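**Q** Pasting upload_36.txt below, which is compact mmCIF, C-alpha atoms.
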```txt
# COMPACT_ATOMS: atom_id res chain seq x y z
CA MET A 60 42.16 -114.13 67.10
CA LEU A 61 38.91 -113.78 69.01
CA THR A 62 38.55 -110.36 70.67
CA ARG A 63 37.19 -109.81 74.19
CA GLU A 64 34.12 -108.12 72.68
CA GLN A 65 33.46 -111.07 70.36
CA ALA A 66 33.81 -113.51 73.28
CA ILE A 67 31.38 -111.50 75.41
CA GLU A 68 28.94 -111.43 72.48
CA ILE A 69 29.13 -115.24 72.16
CA PHE A 70 28.62 -115.76 75.91
CA THR A 71 25.72 -113.29 75.93
CA LYS A 72 23.99 -114.66 72.79
CA SER A 73 24.13 -118.18 74.21
CA GLN A 74 22.80 -116.94 77.58
CA ALA A 75 25.95 -118.18 79.32
CA LEU A 76 26.57 -114.64 80.61
CA LEU A 77 23.46 -113.22 82.20
CA THR A 78 22.76 -109.79 83.61
CA GLY A 79 20.19 -109.26 86.36
CA HIS A 80 20.05 -109.93 90.10
CA PHE A 81 21.29 -113.36 91.13
CA ARG A 82 21.72 -115.26 94.38
CA LEU A 83 24.95 -117.24 94.06
CA THR A 84 25.64 -120.62 95.66
CA SER A 85 27.67 -118.78 98.32
CA GLY A 86 24.54 -116.81 99.30
CA ARG A 87 26.03 -113.58 97.98
CA HIS A 88 24.22 -111.50 95.35
CA SER A 89 25.55 -110.45 91.95
CA GLY A 90 24.45 -108.51 88.89
CA GLN A 91 26.07 -111.07 86.58
CA TYR A 92 26.01 -114.84 86.34
CA MET A 93 28.18 -117.12 84.19
CA GLN A 94 27.07 -120.64 83.21
CA CYS A 95 29.42 -122.03 80.55
CA ALA A 96 27.26 -125.09 79.94
CA GLN A 97 24.92 -122.73 78.09
CA VAL A 98 27.57 -121.77 75.52
CA LEU A 99 28.97 -125.30 75.20
CA GLN A 100 25.58 -126.66 74.10
CA TYR A 101 26.21 -124.97 70.74
CA PRO A 102 28.95 -126.85 68.84
CA HIS A 103 29.76 -123.84 66.62
CA TYR A 104 30.35 -121.61 69.67
CA ALA A 105 32.31 -124.35 71.49
CA ALA A 106 34.52 -124.80 68.43
CA GLN A 107 35.04 -121.06 67.99
CA LEU A 108 35.98 -120.48 71.65
CA CYS A 109 38.16 -123.59 71.94
CA ASP A 110 39.93 -122.91 68.63
CA ALA A 111 40.83 -119.47 70.00
CA LEU A 112 42.04 -121.06 73.25
CA ALA A 113 44.13 -123.61 71.33
CA GLU A 114 45.72 -120.77 69.32
CA LYS A 115 47.10 -119.36 72.57
CA PHE A 116 49.12 -122.59 73.00
CA ALA A 117 50.30 -122.93 69.39
CA GLY A 118 54.00 -122.71 70.39
CA THR A 119 53.65 -124.91 73.48
CA PRO A 120 54.51 -128.61 73.34
CA VAL A 121 51.29 -130.57 73.97
CA ASP A 122 50.81 -134.34 73.64
CA LEU A 123 47.53 -134.49 75.56
CA VAL A 124 44.72 -132.16 76.66
CA ILE A 125 42.88 -133.01 79.90
CA GLY A 126 40.05 -131.38 81.82
CA PRO A 127 37.98 -132.16 84.90
CA ALA A 128 34.51 -133.66 84.54
CA LEU A 129 32.09 -132.17 83.97
CA GLY A 130 32.86 -128.67 82.76
CA GLY A 131 36.23 -129.50 81.24
CA ILE A 132 35.19 -132.46 79.09
CA ILE A 133 33.89 -130.54 76.06
CA VAL A 134 36.64 -127.92 76.39
CA ALA A 135 39.32 -130.64 76.46
CA TYR A 136 37.80 -132.39 73.47
CA GLU A 137 37.54 -129.24 71.35
CA VAL A 138 40.99 -127.89 72.29
CA GLY A 139 42.49 -131.34 71.63
CA ARG A 140 40.75 -131.43 68.24
CA ALA A 141 42.15 -128.01 67.37
CA LEU A 142 45.67 -129.04 68.44
CA GLY A 143 45.43 -132.50 66.85
CA VAL A 144 46.16 -134.41 70.07
CA LYS A 145 44.32 -136.92 72.26
CA THR A 146 42.05 -135.79 75.07
CA PHE A 147 41.21 -137.19 78.50
CA PHE A 148 39.13 -136.14 81.44
CA THR A 149 39.45 -136.69 85.16
CA GLU A 150 36.55 -137.39 87.47
CA ARG A 151 35.96 -137.80 91.15
CA ASP A 152 36.16 -141.28 92.61
CA GLN A 153 34.89 -141.26 96.20
CA GLY A 154 35.58 -137.52 96.34
CA VAL A 155 39.13 -137.72 94.94
CA MET A 156 40.02 -136.39 91.48
CA SER A 157 41.17 -139.43 89.51
CA LEU A 158 42.16 -140.69 86.09
CA ARG A 159 39.83 -143.57 85.21
CA ARG A 160 38.33 -145.40 82.21
CA GLY A 161 41.68 -146.83 81.12
CA PHE A 162 43.24 -143.41 80.47
CA VAL A 163 47.03 -143.52 80.87
CA ILE A 164 49.43 -140.59 81.07
CA ASN A 165 52.89 -141.73 80.07
CA PRO A 166 55.89 -140.36 81.96
CA GLY A 167 57.16 -137.20 80.30
CA GLU A 168 54.00 -136.53 78.26
CA LYS A 169 53.36 -132.83 77.79
CA VAL A 170 49.88 -132.06 79.13
CA LEU A 171 47.65 -129.02 78.71
CA VAL A 172 45.01 -128.75 81.46
CA VAL A 173 41.78 -126.99 80.47
CA GLU A 174 38.54 -125.97 82.18
CA ASP A 175 35.40 -124.02 81.32
CA VAL A 176 35.37 -121.57 84.26
CA VAL A 177 37.93 -120.89 86.98
CA THR A 178 36.99 -119.04 90.14
CA THR A 179 39.26 -120.43 92.86
CA GLY A 180 41.07 -122.93 90.63
CA GLY A 181 40.46 -125.89 92.93
CA SER A 182 39.50 -128.44 90.28
CA VAL A 183 42.33 -127.40 87.96
CA LYS A 184 44.85 -127.73 90.80
CA GLU A 185 43.54 -131.24 91.47
CA VAL A 186 43.92 -132.18 87.78
CA ILE A 187 47.47 -130.78 87.77
CA GLU A 188 48.26 -132.99 90.75
CA VAL A 189 46.84 -136.08 88.99
CA VAL A 190 48.95 -135.34 85.89
CA ARG A 191 52.11 -134.93 87.96
CA GLN A 192 51.44 -138.07 90.01
CA LYS A 193 51.22 -140.01 86.74
CA GLY A 194 54.55 -138.58 85.52
CA GLY A 195 53.15 -136.08 83.03
CA GLU A 196 54.50 -132.57 82.61
CA VAL A 197 51.93 -129.76 82.75
CA THR A 198 52.91 -127.30 80.03
CA GLY A 199 49.99 -124.91 80.50
CA VAL A 200 46.48 -124.23 81.72
CA GLY A 201 43.74 -122.90 79.45
CA VAL A 202 40.30 -121.72 80.54
CA LEU A 203 37.39 -120.22 78.69
CA VAL A 204 36.49 -117.84 81.53
CA ASP A 205 38.82 -116.76 84.31
CA ARG A 206 36.45 -115.36 86.94
CA SER A 207 39.40 -114.68 89.24
CA ASN A 208 40.53 -112.00 86.76
CA GLY A 209 44.02 -113.55 86.68
CA LYS A 210 44.43 -113.85 90.46
CA VAL A 211 44.75 -117.67 90.54
CA ASP A 212 48.31 -118.89 89.95
CA PHE A 213 48.81 -122.45 88.70
CA GLY A 214 52.59 -122.12 88.42
CA VAL A 215 52.51 -122.58 84.62
CA ASN A 216 51.54 -120.43 81.65
CA THR A 217 47.80 -119.78 82.00
CA GLU A 218 45.66 -118.41 79.19
CA SER A 219 41.97 -117.56 79.01
CA ILE A 220 39.47 -116.36 76.45
CA LEU A 221 37.81 -114.00 78.91
CA LYS A 222 39.05 -112.57 82.21
CA MET A 223 36.40 -111.07 84.40
CA GLU A 224 35.77 -110.44 88.03
CA ILE A 225 32.09 -110.80 88.75
CA GLU A 226 31.32 -108.47 91.62
CA SER A 227 29.21 -109.86 94.43
CA TYR A 228 27.60 -108.39 97.52
CA ASN A 229 26.47 -109.42 100.98
CA PRO A 230 22.66 -109.55 100.78
CA GLU A 231 22.37 -106.86 103.46
CA GLU A 232 24.48 -104.44 101.37
CA CYS A 233 23.25 -105.42 97.90
CA PRO A 234 22.51 -102.37 95.71
CA LEU A 235 20.35 -104.54 93.46
CA CYS A 236 18.10 -105.43 96.40
CA GLN A 237 17.94 -101.75 97.28
CA GLN A 238 16.74 -101.05 93.72
CA GLY A 239 14.00 -103.66 94.18
CA LEU A 240 15.18 -105.90 91.33
CA PRO A 241 13.76 -109.45 91.49
CA LEU A 242 16.23 -111.98 92.88
CA ILE A 243 16.89 -115.09 90.76
CA LYS A 244 18.62 -118.20 92.03
CA PRO A 245 20.22 -119.77 88.94
CA GLY A 246 19.05 -123.33 88.53
CA SER A 247 15.75 -122.66 90.31
CA ARG A 248 14.17 -121.76 86.98
CA GLN A 249 15.32 -121.68 83.38
CA VAL A 250 17.77 -118.78 83.17
```
Write the structure described by the file as structure tokens, please.
**A**
Amino acid sequence: MLTREQAIEIFTKSQALLTGHFRLTSGRHSGQYMQCAQVLQYPHYAAQLCDALAEKFAGTPVDLVIGPALGGIIVAYEVGRALGVKTFFTERDQGVMSLRRGFVINPGEKVLVVEDVVTTGGSVKEVIEVVRQKGGEVTGVGVLVDRSNGKVDFGVNTESILKMEIESYNPEECPLCQQGLPLIKPGSRQV
């Protein structure tokens, strides 16, 4: 089993978990930033994290693993590989989460929904709805990083490799600004 410390080390080594002074998409500031795409670019880390996630569902019936594009594609593939089952992904079609590309969920199939990072759980909830509309049974949700620190409830067994609540601040009250630390907007430069 992968420990929390080992997971943090993997996310830090791959620069998926950064420490500094960041302006988030919301406009709030934070001393930490998580970008799972950075860890998933390394197949050995992706395999290690997803194998550990798959272990958490070893006793759960799973016929299919599915994740939302884009962040859930690699996670679904690697967890599906570890469990020895097929993998799909959903994607947006005119703004609506959809099952495309000839993927078919058969009625009664046991489906594990996975994602790289969950903050509000919106994308995962949309995938769950797609699975249910197609007649599948969601048997669990697995995420690499639960940024809600376990506060999001999907109504099924939910497991994560890392639970963390990344603290954020209004810019006017940001202690990092008060310390004079340079502000970085992730994506505006290579971070």
**Q** If I take atom CA of A:Ile67 and atom CA of A:Tyr104, how far is one from the other in Å, to one decimal?
**A**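 Between these atoms lies a distance of 11.7 Å.
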**Q** Rounded to one decimal in Å, what is the spacing between atom CA of A:Glu196 and atom CA of A:Val170?
**A**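 Separating atom CA of A:Glu196 from atom CA of A:Val170 is a distance of 5.8 Å.
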**Q** Could you give me the centre and size, in Å to one decimal, of an axis-aligned box around all listed atoms of stretch 175-184 of chain A with 3 Å added on every side, as JSON?
**A**
```
{"center_x": 40.1, "center_y": -123.7, "center_z": 87.1, "size_x": 15.5, "size_y": 15.4, "size_z": 17.6}
```
**Q** Please, what distance in Å, to one decimal, runs between atom CA of A:Arg140 and atom CA of A:Val186?
**A**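 According to the coordinates, atom CA of A:Arg140 and atom CA of A:Val186 are separated by 19.8 Å.
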**Q** Counting only C-alpha atoms, what are the residues of stretch 77-187 of chain A within 10 Å of stretch 216-220 of chain A, and for each of them which pair of atoms is the nearest and at what distance in Å, to one decimal? Sort the table by chain and rising number, as CSV.
**A**
```
residue,atom,partner,partner_atom,distance
A:Leu108,CA,A:Ile220,CA,7.2
A:Cys109,CA,A:Ile220,CA,8.6
A:Ala111,CA,A:Ile220,CA,7.3
A:Leu112,CA,A:Ile220,CA,6.2
A:Ala113,CA,A:Glu218,CA,9.5
A:Lys115,CA,A:Glu218,CA,6.8
A:Phe116,CA,A:Glu218,CA,8.2
A:Thr119,CA,A:Asn216,CA,9.6
A:Leu171,CA,A:Thr217,CA,9.8
A:Val172,CA,A:Thr217,CA,9.4
A:Val173,CA,A:Glu218,CA,9.5
A:Glu174,CA,A:Ser219,CA,9.6
A:Asp175,CA,A:Ser219,CA,9.5
A:Val176,CA,A:Ser219,CA,9.3
A:Val177,CA,A:Ser219,CA,9.5
```
